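Colleague: Please find structure38.cif (mmCIF, C-alpha atoms) on the next line:
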data_entry
loop_
_atom_site.label_atom_id
_atom_site.label_comp_id
_atom_site.auth_asym_id
_atom_site.auth_seq_id
_atom_site.Cartn_x
_atom_site.Cartn_y
_atom_site.Cartn_z
CA MET A 80 17.85 -40.27 -183.14
CA ARG A 81 20.85 -41.76 -181.44
CA ILE A 82 23.10 -39.32 -183.25
CA LYS A 83 20.96 -36.39 -182.09
CA MET A 84 21.11 -37.42 -178.40
CA THR A 85 24.84 -37.76 -178.58
CA LYS A 86 25.11 -34.34 -180.06
CA ASN A 87 23.00 -32.73 -177.31
CA ARG A 88 25.11 -34.25 -174.54
CA LYS A 89 28.40 -33.33 -176.05
CA GLY A 90 30.45 -31.46 -173.49
CA GLN A 91 28.00 -32.13 -170.68
CA SER A 92 30.68 -33.67 -168.53
CA THR A 93 32.96 -30.70 -169.12
CA LEU A 94 30.17 -28.32 -168.19
CA GLU A 95 29.43 -30.18 -164.96
CA THR A 96 33.12 -30.30 -164.10
CA ALA A 97 33.35 -26.55 -164.73
CA LEU A 98 30.48 -25.89 -162.31
CA ILE A 99 31.88 -28.13 -159.61
CA PHE A 100 35.35 -26.71 -160.18
CA ILE A 101 34.08 -23.25 -159.18
CA VAL A 102 32.62 -24.64 -155.95
CA LEU A 103 35.83 -26.54 -155.22
CA ILE A 104 38.00 -23.48 -155.81
CA ALA A 105 35.74 -21.45 -153.49
CA PHE A 106 36.21 -24.14 -150.81
CA LEU A 107 39.97 -24.22 -151.31
CA MET A 108 40.33 -20.45 -151.16
CA GLY A 109 38.20 -20.28 -148.01
CA LEU A 110 40.35 -22.98 -146.43
CA THR A 111 43.52 -21.17 -147.51
CA ASN A 112 42.29 -17.98 -145.84
CA ILE A 113 41.61 -19.89 -142.60
CA TRP A 114 45.13 -21.34 -142.80
CA ILE A 115 46.66 -17.88 -143.29
CA TRP A 116 44.65 -16.46 -140.38
CA SER A 117 45.69 -19.33 -138.13
CA ASN A 118 49.32 -19.35 -139.22
CA ASN A 119 49.59 -15.62 -138.54
CA GLN A 120 48.34 -16.28 -135.02
CA ILE A 121 51.15 -18.75 -134.34
CA VAL A 122 53.78 -16.28 -135.60
CA HIS A 123 52.37 -13.18 -133.84
CA ARG A 124 51.83 -15.05 -130.57
CA GLN A 125 55.46 -16.23 -130.63
CA VAL A 126 56.71 -12.67 -131.29
CA GLU A 127 54.62 -11.21 -128.42
CA TYR A 128 55.71 -14.05 -126.16
CA ASN A 129 59.41 -13.46 -126.94
CA ASN A 130 59.06 -9.68 -126.54
CA SER A 131 57.56 -10.04 -123.06
CA ARG A 132 60.05 -12.71 -121.99
CA VAL A 133 62.74 -10.35 -120.73
CA GLU A 134 60.27 -8.49 -118.54
CA ALA A 135 58.73 -11.73 -117.28
CA GLY A 136 62.13 -13.26 -116.59
CA THR A 137 63.65 -10.29 -114.76
CA ALA A 138 64.03 -10.78 -111.03
CA ILE A 139 61.64 -8.21 -109.58
CA ASP A 140 59.20 -8.98 -106.78
CA SER A 141 56.51 -6.82 -108.36
CA TYR A 142 56.16 -9.07 -111.43
CA THR A 143 52.54 -9.73 -112.36
CA LEU A 144 51.41 -12.38 -114.76
CA LYS A 145 50.29 -11.05 -118.14
CA TRP A 146 48.39 -13.78 -119.89
CA PRO A 147 47.42 -14.17 -122.66
CA VAL A 148 50.20 -12.20 -124.28
CA TYR A 149 48.41 -12.00 -127.61
CA THR A 150 44.75 -11.84 -128.57
CA PRO A 151 44.13 -13.01 -132.13
CA PRO A 152 41.89 -11.02 -134.46
CA ASP A 153 38.45 -12.43 -135.22
CA LEU A 154 37.99 -14.53 -138.32
CA THR A 155 35.32 -12.72 -140.30
CA GLU A 156 32.75 -14.27 -142.59
CA ASN A 157 34.08 -12.23 -145.52
CA GLU A 158 37.50 -13.82 -145.15
CA VAL A 159 36.12 -17.34 -145.46
CA ILE A 160 33.18 -16.95 -147.81
CA LEU A 161 34.44 -15.35 -150.97
CA ARG A 162 31.89 -13.27 -152.77
CA MET B 290 23.99 -42.92 -173.02
CA ASN B 291 21.18 -42.13 -170.55
CA ASN B 292 23.25 -43.59 -167.75
CA LYS B 293 25.92 -40.96 -168.25
CA LYS B 294 23.57 -38.10 -167.43
CA GLY B 295 25.02 -36.16 -164.50
CA GLN B 296 28.00 -38.44 -164.17
CA ALA B 297 30.40 -35.64 -163.24
CA VAL B 298 28.02 -34.45 -160.49
CA LEU B 299 27.68 -38.01 -159.22
CA GLU B 300 31.44 -38.44 -159.17
CA MET B 301 31.76 -35.14 -157.34
CA ALA B 302 29.19 -36.30 -154.80
CA VAL B 303 31.26 -39.42 -154.15
CA PHE B 304 34.63 -37.71 -154.03
CA GLY B 305 33.16 -34.55 -152.51
CA SER B 306 32.59 -36.28 -149.20
CA ILE B 307 36.23 -37.40 -149.23
CA ILE B 308 37.36 -33.85 -150.02
CA LEU B 309 35.20 -32.44 -147.20
CA PHE B 310 36.64 -35.03 -144.81
CA ILE B 311 40.18 -33.97 -145.79
CA PHE B 312 39.24 -30.30 -145.26
CA GLY B 313 37.92 -31.22 -141.82
CA VAL B 314 41.13 -33.03 -140.89
CA LEU B 315 43.21 -30.04 -142.07
CA LEU B 316 41.16 -27.62 -139.96
CA SER B 317 41.39 -29.85 -136.86
CA GLN B 318 45.15 -30.14 -137.33
CA LEU B 319 45.38 -26.36 -137.59
CA GLN B 320 43.44 -25.90 -134.36
CA ARG B 321 45.60 -28.46 -132.58
CA LEU B 322 48.84 -26.75 -133.67
CA ASN B 323 47.60 -23.42 -132.35
CA ASP B 324 46.37 -24.80 -129.05
CA GLN B 325 49.51 -26.85 -128.43
CA GLN B 326 51.67 -23.75 -128.85
CA TYR B 327 49.33 -21.86 -126.54
CA VAL B 328 49.45 -24.51 -123.79
CA GLN B 329 53.25 -24.82 -123.94
CA MET B 330 53.68 -21.07 -123.65
CA GLU B 331 51.12 -20.79 -120.89
CA ALA B 332 52.73 -23.59 -118.84
CA PHE B 333 56.12 -21.88 -118.96
CA ARG B 334 54.78 -18.40 -118.25
CA ARG B 335 52.71 -19.60 -115.29
CA ALA B 336 55.71 -21.54 -113.93
CA LEU B 337 57.75 -18.35 -114.19
CA TYR B 338 55.03 -16.39 -112.39
CA HIS B 339 54.85 -18.82 -109.47
CA ALA B 340 58.62 -19.10 -109.25
CA CYS B 341 58.79 -15.32 -108.88
CA ARG B 342 55.77 -14.78 -106.64
CA ASP B 343 55.88 -17.83 -104.38
CA ASN B 344 59.27 -17.07 -102.96
CA THR B 345 58.27 -18.71 -99.71
CA GLY B 346 61.79 -18.96 -98.41
CA GLY B 347 61.83 -15.18 -98.05
CA SER B 348 64.10 -12.66 -99.67
CA GLY B 349 67.25 -14.25 -100.95
CA ALA B 350 65.77 -17.70 -101.20
CA GLY B 351 64.70 -18.12 -104.81
CA SER B 352 62.31 -20.85 -105.82
CA SER B 353 61.96 -23.78 -108.13
CA VAL B 354 58.67 -24.71 -109.77
CA GLN B 355 57.66 -27.77 -111.72
CA TYR B 356 54.45 -26.92 -113.54
CA SER B 357 52.16 -29.42 -115.30
CA MET B 358 49.24 -28.24 -117.33
CA ILE B 359 46.36 -30.28 -118.76
CA GLN B 360 43.46 -28.93 -120.79
CA ASN B 361 40.39 -30.71 -122.10
CA ARG B 362 39.06 -29.16 -125.28
CA ARG B 363 36.38 -30.02 -127.76
CA TYR B 364 37.23 -29.54 -131.42
CA ALA B 365 34.92 -28.99 -134.34
CA ASP B 366 34.37 -32.21 -136.24
CA THR B 367 32.93 -32.06 -139.71
CA SER B 368 32.14 -35.76 -139.80
CA SER B 369 30.08 -35.98 -136.60
CA ASN B 370 26.74 -34.63 -135.38
CA PHE B 371 25.78 -30.97 -135.21
CA ARG B 372 28.26 -29.25 -132.86
CA LYS B 373 29.20 -32.48 -131.13
CA GLY B 374 32.89 -32.25 -131.92
CA THR B 375 35.65 -34.48 -130.67
CA ALA B 376 37.36 -34.37 -127.29
CA GLN B 377 41.06 -33.54 -127.21
CA ILE B 378 43.46 -33.42 -124.31
CA LEU B 379 46.40 -31.05 -124.48
CA SER B 380 49.22 -31.14 -121.97
CA ALA B 381 52.49 -29.34 -121.37
CA GLY B 382 55.06 -29.04 -118.63
CA ALA B 383 57.65 -26.48 -117.60
CA SER B 384 60.31 -26.16 -114.92
CA VAL B 385 61.63 -22.83 -113.71
CA SER B 386 64.30 -22.05 -111.15
CA TRP B 387 63.98 -18.45 -110.03
CA ALA B 388 67.39 -17.62 -108.69
CA VAL B 389 67.86 -14.33 -106.94
CA PRO B 390 71.52 -13.20 -107.12
CA GLU B 391 72.54 -15.43 -104.26
CA ILE B 392 70.76 -17.72 -101.86
CA LYS B 393 71.33 -16.91 -98.21
CA LYS B 394 73.15 -19.42 -96.06
CA ASP B 395 70.82 -21.84 -94.23
CA THR B 396 67.93 -20.77 -96.44
CA GLU B 397 66.40 -23.17 -98.88
CA ALA B 398 64.71 -22.29 -102.14
CA ALA B 399 61.00 -23.08 -102.21
CA ARG B 400 60.42 -26.19 -104.29
CA LEU B 401 56.91 -26.38 -105.65
CA VAL B 402 55.04 -28.85 -107.79
CA ILE B 403 51.97 -27.29 -109.41
CA VAL B 404 49.29 -29.11 -111.35
CA ASN B 405 46.82 -27.11 -113.44
CA VAL B 406 43.85 -29.03 -114.84
CA ASN B 407 41.51 -26.88 -116.90
CA GLY B 408 42.43 -23.78 -114.92
CA GLU B 409 42.15 -25.44 -111.50
CA GLU B 410 45.52 -25.08 -109.84
CA LYS B 411 46.85 -27.24 -107.02
CA THR B 412 50.17 -26.52 -105.37
CA PHE B 413 52.30 -29.05 -103.52
CA LYS B 414 55.55 -28.66 -101.67
CA TYR B 415 58.35 -31.00 -102.66
CA ARG B 416 59.53 -31.05 -99.03
CA ASP B 417 56.22 -32.57 -97.87
CA TYR B 418 57.15 -35.66 -99.87
CA ILE B 419 60.93 -35.71 -99.65
CA PRO B 420 62.28 -34.54 -96.28
CA LYS B 421 65.70 -32.97 -96.11
CA ASP B 422 67.33 -36.03 -94.54
CA LYS B 423 66.28 -38.18 -97.51
CA ASP B 424 67.25 -35.74 -100.24
CA ARG B 425 69.95 -36.56 -102.76
CA TYR B 426 72.47 -34.11 -101.31
CA ASP B 427 73.15 -33.47 -97.65
CA LYS B 428 73.76 -30.13 -95.99
CA GLU B 429 77.39 -30.10 -97.09
CA GLY B 430 76.40 -30.81 -100.67
CA LYS B 431 77.65 -34.39 -100.56
CA GLU B 432 75.65 -37.02 -102.44
CA ARG B 433 74.01 -39.64 -100.25
CA ASP B 434 74.46 -43.35 -100.99
CA ILE B 435 70.70 -43.93 -100.85
CA TYR B 436 68.25 -41.13 -101.46
CA GLU B 437 64.66 -40.51 -102.50
CA VAL B 438 63.22 -38.57 -105.40
CA PHE B 439 59.75 -37.32 -106.25
CA THR B 440 58.45 -37.55 -109.81
CA ILE B 441 55.18 -37.04 -111.62
CA GLY B 442 53.91 -40.53 -112.43
CA ASN B 443 51.07 -41.74 -114.63
CA THR B 444 48.39 -39.40 -115.89
CA ASN B 445 45.03 -41.01 -116.58
CA PHE B 446 41.94 -39.62 -118.23
CA TRP B 447 38.34 -40.78 -118.34
CA SER B 448 35.59 -39.00 -120.14
CA GLN B 449 31.85 -39.54 -120.28
CA LEU B 450 29.83 -37.70 -122.89
CA SER B 451 26.09 -37.20 -122.97
CA PHE B 452 24.92 -35.69 -126.24
CA GLN B 453 21.42 -34.63 -127.19
CA GLU B 454 20.28 -33.24 -130.50
CA LYS B 455 16.95 -31.91 -131.78
CA SER B 456 16.15 -31.01 -135.32
CA LYS B 457 12.89 -29.43 -136.46
CA LYS B 458 11.82 -28.46 -139.96
CA LYS B 459 8.67 -26.49 -140.63
CA GLU B 460 7.54 -26.09 -144.21
CA SER B 461 4.96 -23.75 -145.62
CA PRO B 462 4.29 -22.53 -149.17
CA ALA B 463 6.13 -19.31 -148.31
CA GLN B 464 9.16 -20.58 -146.41
CA ILE B 465 11.06 -23.39 -144.75
CA THR B 466 12.17 -22.92 -141.13
CA THR B 467 14.92 -25.14 -139.80
CA ASP B 468 15.58 -25.28 -136.07
CA ARG B 469 18.56 -27.19 -134.68
CA TRP B 470 19.61 -27.57 -131.07
CA SER B 471 22.32 -29.61 -129.40
CA LYS B 472 23.69 -30.05 -125.90
CA ALA B 473 26.92 -31.83 -125.00
CA GLU B 474 27.61 -32.61 -121.36
CA ASP B 475 31.10 -33.87 -120.75
CA ALA B 476 32.30 -35.28 -117.44
CA ALA B 477 36.10 -35.39 -117.62
CA THR B 478 38.03 -37.14 -114.88
CA THR B 479 41.74 -36.46 -114.61
CA GLN B 480 44.14 -38.33 -112.39
CA VAL B 481 47.70 -37.13 -111.99
CA GLN B 482 49.83 -39.45 -109.90
CA TYR B 483 53.14 -39.01 -108.20
CA ASP B 484 55.83 -41.59 -107.49
CA ILE B 485 58.42 -41.59 -104.74
CA LEU B 486 61.45 -43.56 -105.78
CA ARG B 487 64.43 -44.77 -103.84
CA LYS B 488 67.64 -44.36 -105.78
CA TYR B 489 71.19 -45.54 -105.30
CA LYS B 490 74.40 -43.62 -105.86
CA ALA B 491 76.29 -46.76 -106.84
CA ASP B 492 73.82 -47.76 -109.56
CA VAL B 493 72.06 -44.92 -111.36
CA ASN B 494 69.76 -47.33 -113.19
CA LYS B 495 68.47 -48.99 -110.07
CA GLU B 496 65.37 -47.59 -108.42
CA ASP B 497 62.62 -48.86 -106.12
CA LEU B 498 59.10 -47.55 -106.08
CA LEU B 499 58.31 -46.61 -102.49
CA LYS B 500 55.00 -44.87 -102.81
CA THR B 501 52.41 -43.84 -105.38
CA GLY B 502 49.62 -41.37 -104.78
CA ASP B 503 47.34 -38.80 -106.37
CA LEU B 504 48.27 -35.19 -106.89
CA TYR B 505 45.00 -34.59 -108.66
CA ASN B 506 41.98 -36.84 -109.01
CA ASP B 507 38.78 -35.02 -109.77
CA THR B 508 35.90 -34.86 -112.21
CA GLN B 509 35.05 -31.64 -114.01
CA ASN B 510 31.81 -31.05 -115.88
CA PHE B 511 31.57 -29.10 -119.11
CA THR B 512 28.36 -28.18 -120.88
CA ASN B 513 28.11 -26.85 -124.41
CA GLU B 514 24.72 -25.84 -125.71
CA HIS B 515 24.04 -24.50 -129.18
CA SER B 516 20.95 -23.62 -131.10
CA SER B 517 20.39 -22.08 -134.49
CA VAL B 518 17.35 -21.19 -136.55
CA TRP B 519 17.37 -20.27 -140.19
CA GLU B 520 14.63 -19.49 -142.65
CA THR B 521 14.51 -19.95 -146.38
CA ALA B 522 11.87 -17.73 -147.94
CA PHE B 523 10.64 -18.23 -151.49
#
So that I can check it, write out the structure of this file as C-alpha cells.
Modeller:
Amino acid sequence: MRIKMTKNRKGQSTLETALIFIVLIAFLMGLTNIWIWSNNQIVHRQVEYNNSRVEAGTAIDSYTLKWPVYTPPDLTENEVILR
Amino acid sequence: MNNKKGQAVLEMAVFGSIILFIFGVLLSQLQRLNDQQYVQMEAFRRALYHACRDNTGGSGAGSSVQYSMIQNRRYADTSSNFRKGTAQILSAGASVSWAVPEIKKDTEAARLVIVNVNGEEKTFKYRDYIPKDKDRYDKEGKERDIYEVFTIGNTNFWSQLSFQEKSKKKESPAQITTDRWSKAEDAATTQVQYDILRKYKADVNKEDLLKTGDLYNDTQNFTNEHSSVWETAF
C-alpha cells in the first residue's frame, strides 16, 4: 500500500512547480512590459524636452509655455496581460 | 507522505506574497523615477517661462527667477487597502537668468521667487525682502562689508488621511457579484519658509539669521473615489 501511494505521488512536486512556474513567468513578462513602457517614456520625454529647449530658451517676447512636452501612450491591457 | 500533498503550492503561497511585494516595490520605484524626471523638467521649463514673460523691468531689463516646485502624489500600493495607495511628495527647483543682450543702465533685472505647490503658484519679489541698500553689491558693483541675503528655508509637510472602504459580495446559484468602493480624502499642508540672513564680507562662513517667515503655508484637499463591480457567472 505504502509503495502504491509513493508511486502515485511521484513527480507531484515537479508538476506543481511547473504550474506555478507558468503563472510566475506570466507575472514577470507583464512586469517587464510595464518596465519597457515606462522606460520608453523617460527616454522619449527627455528627447522631446531637449528638442524644444532651443525654442524655449531663445530670447523672444512672444514665447509661450508648452507643457507637457510629451504625452505618453496608454498602457493597454494586452501589453500587461499576456494571452 | 500525506503531509507532502500540495507542498509546492504551499511554498509558492508563502513565497508568492514576497514575490508580489517585490513586484509592487519595483512598480512604485518605476513610477517615482518617471515622476521625478517630470517634476525636474517642469520646474526648469516653468522657471524659463516666467523669466521670459515676467520681464517687469521693461525691455532691456532681463529677469532672474528662482522656482520651487512641490507636488503631492498618491502611488499605487500593492500591500495596502483597495486603492488607498501611499502618499509621496516630489520636489524640484530651478533657477533661470533671462538675459537680454544687454541690460540698460539704471535698470534692474526683475528678481522673482516663485513657489508652486500642486499647481498653485505664488510669486514674490526679491526686492520686497532685500532692499537695494542692503544688497551684496552697491550701485558701483562694489561688495558691501555687511549685506543681507534671502534664501528658501525649511519646507515642512503635514498630511491627514481619511480612508473609507466598502466591500459587498452577493452570491446566488448563478453568479457572484462583488462590489468594492473606496474614498480617500487627503488634507495636505505645505509650509515653505524663507530666511533672511546677514552676511559678512570678511568671514564668508559667518551668518546671522535676521528673519524667518512663510512663503507658502496652506492646506489643500484631495479626494480620490473609486468603485468597481464585477460578476462571476457560472
Colleague: Go ahead and compute the interatomic distance for CA of Gln449 (chain B) and CA of Glu474 (chain B), in Å to one decimal.
Modeller: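 Those two atoms sit 8.2 Å apart.
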Colleague: Apply the PyMOL selection byres ((chain A and resi 136) around 12) to the file shown and report the selected residues as an MDAnalysis selection string.
Modeller: (chainID A and resid 128:135 137:144) or (chainID B and resid 333:342 385:389)
Colleague: One number please: CA of Arg487 (chain B) to CA of Lys428 (chain B), in Å, one decimal.
Modeller: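 Straight-line distance from CA of Arg487 (chain B) to CA of Lys428 (chain B) works out to 19.1 Å.
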Colleague: For the structure provided, state which residues fall under the PyMOL selection byres ((chain B and resi 414) around 7), and present them as a VMD selection string.
Modeller: chain B and resid 400 to 402 412 to 413 415 to 417
Colleague: Restrict the selected residues to C-alpha atoms and save them as a compact mmCIF listing (two decimals), keeping the file's coordinate frame.
Modeller:
# COMPACT_ATOMS: atom_id res chain seq x y z
CA ARG B 400 60.42 -26.19 -104.29
CA LEU B 401 56.91 -26.38 -105.65
CA VAL B 402 55.04 -28.85 -107.79
CA THR B 412 50.17 -26.52 -105.37
CA PHE B 413 52.30 -29.05 -103.52
CA TYR B 415 58.35 -31.00 -102.66
CA ARG B 416 59.53 -31.05 -99.03
CA ASP B 417 56.22 -32.57 -97.87
Colleague: Given the choices B:Gln296, B:Asn513, B:Ser357, B:Gln377, which gets closest to Arg321 (chain B) if the distance is worked out from all atoms listed in the file?
Modeller: B:Gln377
Colleague: CA of Gln464 (chain B) to CA of Val159 (chain A): how many Å, to one decimal?
Modeller: 27.2 Å
Colleague: Using the chain letters and numbering of this document, enumerate as a ChimeraX atom specification the residues selected by the PyMOL selection byres ((chain B and resi 457) around 12).
Modeller: /B:454-456,458-460,465-471,516-520
Colleague: Pick out the residues sitting within 10 Å of Thr444 (chain B), and hand them over as a short mmCIF file (atom, residue, chain, number, x, y, z; two decimals) with C-alpha atoms, in the coordinates of the input; count only C-alpha atoms, and ignore anything fewer than 2 positions along from it in its own chain.
Modeller:
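And here's selection.cif as it stands now:
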data_model
loop_
_atom_site.label_atom_id
_atom_site.label_comp_id
_atom_site.auth_asym_id
_atom_site.auth_seq_id
_atom_site.Cartn_x
_atom_site.Cartn_y
_atom_site.Cartn_z
CA ILE B 359 46.36 -30.28 -118.76
CA ILE B 441 55.18 -37.04 -111.62
CA GLY B 442 53.91 -40.53 -112.43
CA PHE B 446 41.94 -39.62 -118.23
CA THR B 479 41.74 -36.46 -114.61
CA GLN B 480 44.14 -38.33 -112.39
CA VAL B 481 47.70 -37.13 -111.99
CA GLN B 482 49.83 -39.45 -109.90
CA TYR B 483 53.14 -39.01 -108.20
CA ASP B 503 47.34 -38.80 -106.37
CA LEU B 504 48.27 -35.19 -106.89
CA TYR B 505 45.00 -34.59 -108.66
CA ASN B 506 41.98 -36.84 -109.01
#
Colleague: Got a sec: who's within 9 Å of Phe106 (chain A), counting all atoms listed in the file, leaving out chain neighbours fewer than 6 positions off, as a list in words?
Modeller: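 That gives Val159, Ile160 and Leu161 of chain A; Phe312 of chain B.
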Colleague: Can you report as AutoDock Vina command-line options the centre and edge lengths in Å, to one decimal, of an axis-aligned box around the listed atoms of region 107-114 of chain A padded with 3 Å on each side?
Modeller:
--center_x 41.7 --center_y -21.1 --center_z -147.0 --size_x 12.9 --size_y 12.2 --size_z 14.7
Colleague: Between B:Asn323, B:Arg433, B:Val314, B:Asp492, single out the one closest to chain A, counting all atoms listed in the file.
Modeller: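 Closest to chain A, using all atoms listed in the file: B:Asn323.
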Colleague: Pick from B:Ile311, B:Thr440, B:Leu319, B:Ala383: nearest to Asn119 (chain A), with only C-alpha atoms counted?
Modeller: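 Among the listed residues, the smallest separation from Asn119 (chain A) belongs to B:Leu319.
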Colleague: Considering all atoms listed in the file, can you say which of B:Leu315, B:Ile307, B:Ala463, B:Val438 comes closest to chain A?
Modeller: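 Smallest separation from chain A among the options: B:Leu315.
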Colleague: Smallest atom-to-atom distance to Ala332 (chain B): which of A:Asn157, A:Trp146, A:Thr111, A:Thr93, using only C-alpha atoms?
Modeller: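 Ranking A:Asn157, A:Trp146, A:Thr111, A:Thr93 by distance to Ala332 (chain B), first place goes to A:Trp146.
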Colleague: Would you mind telling me which residue in B:Glu331, B:Gly408, B:Ser317, B:Lys373 lies nearest to chain A when using only C-alpha atoms?
Modeller: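 Once distances to chain A are computed over only C-alpha atoms, the minimum belongs to B:Glu331.
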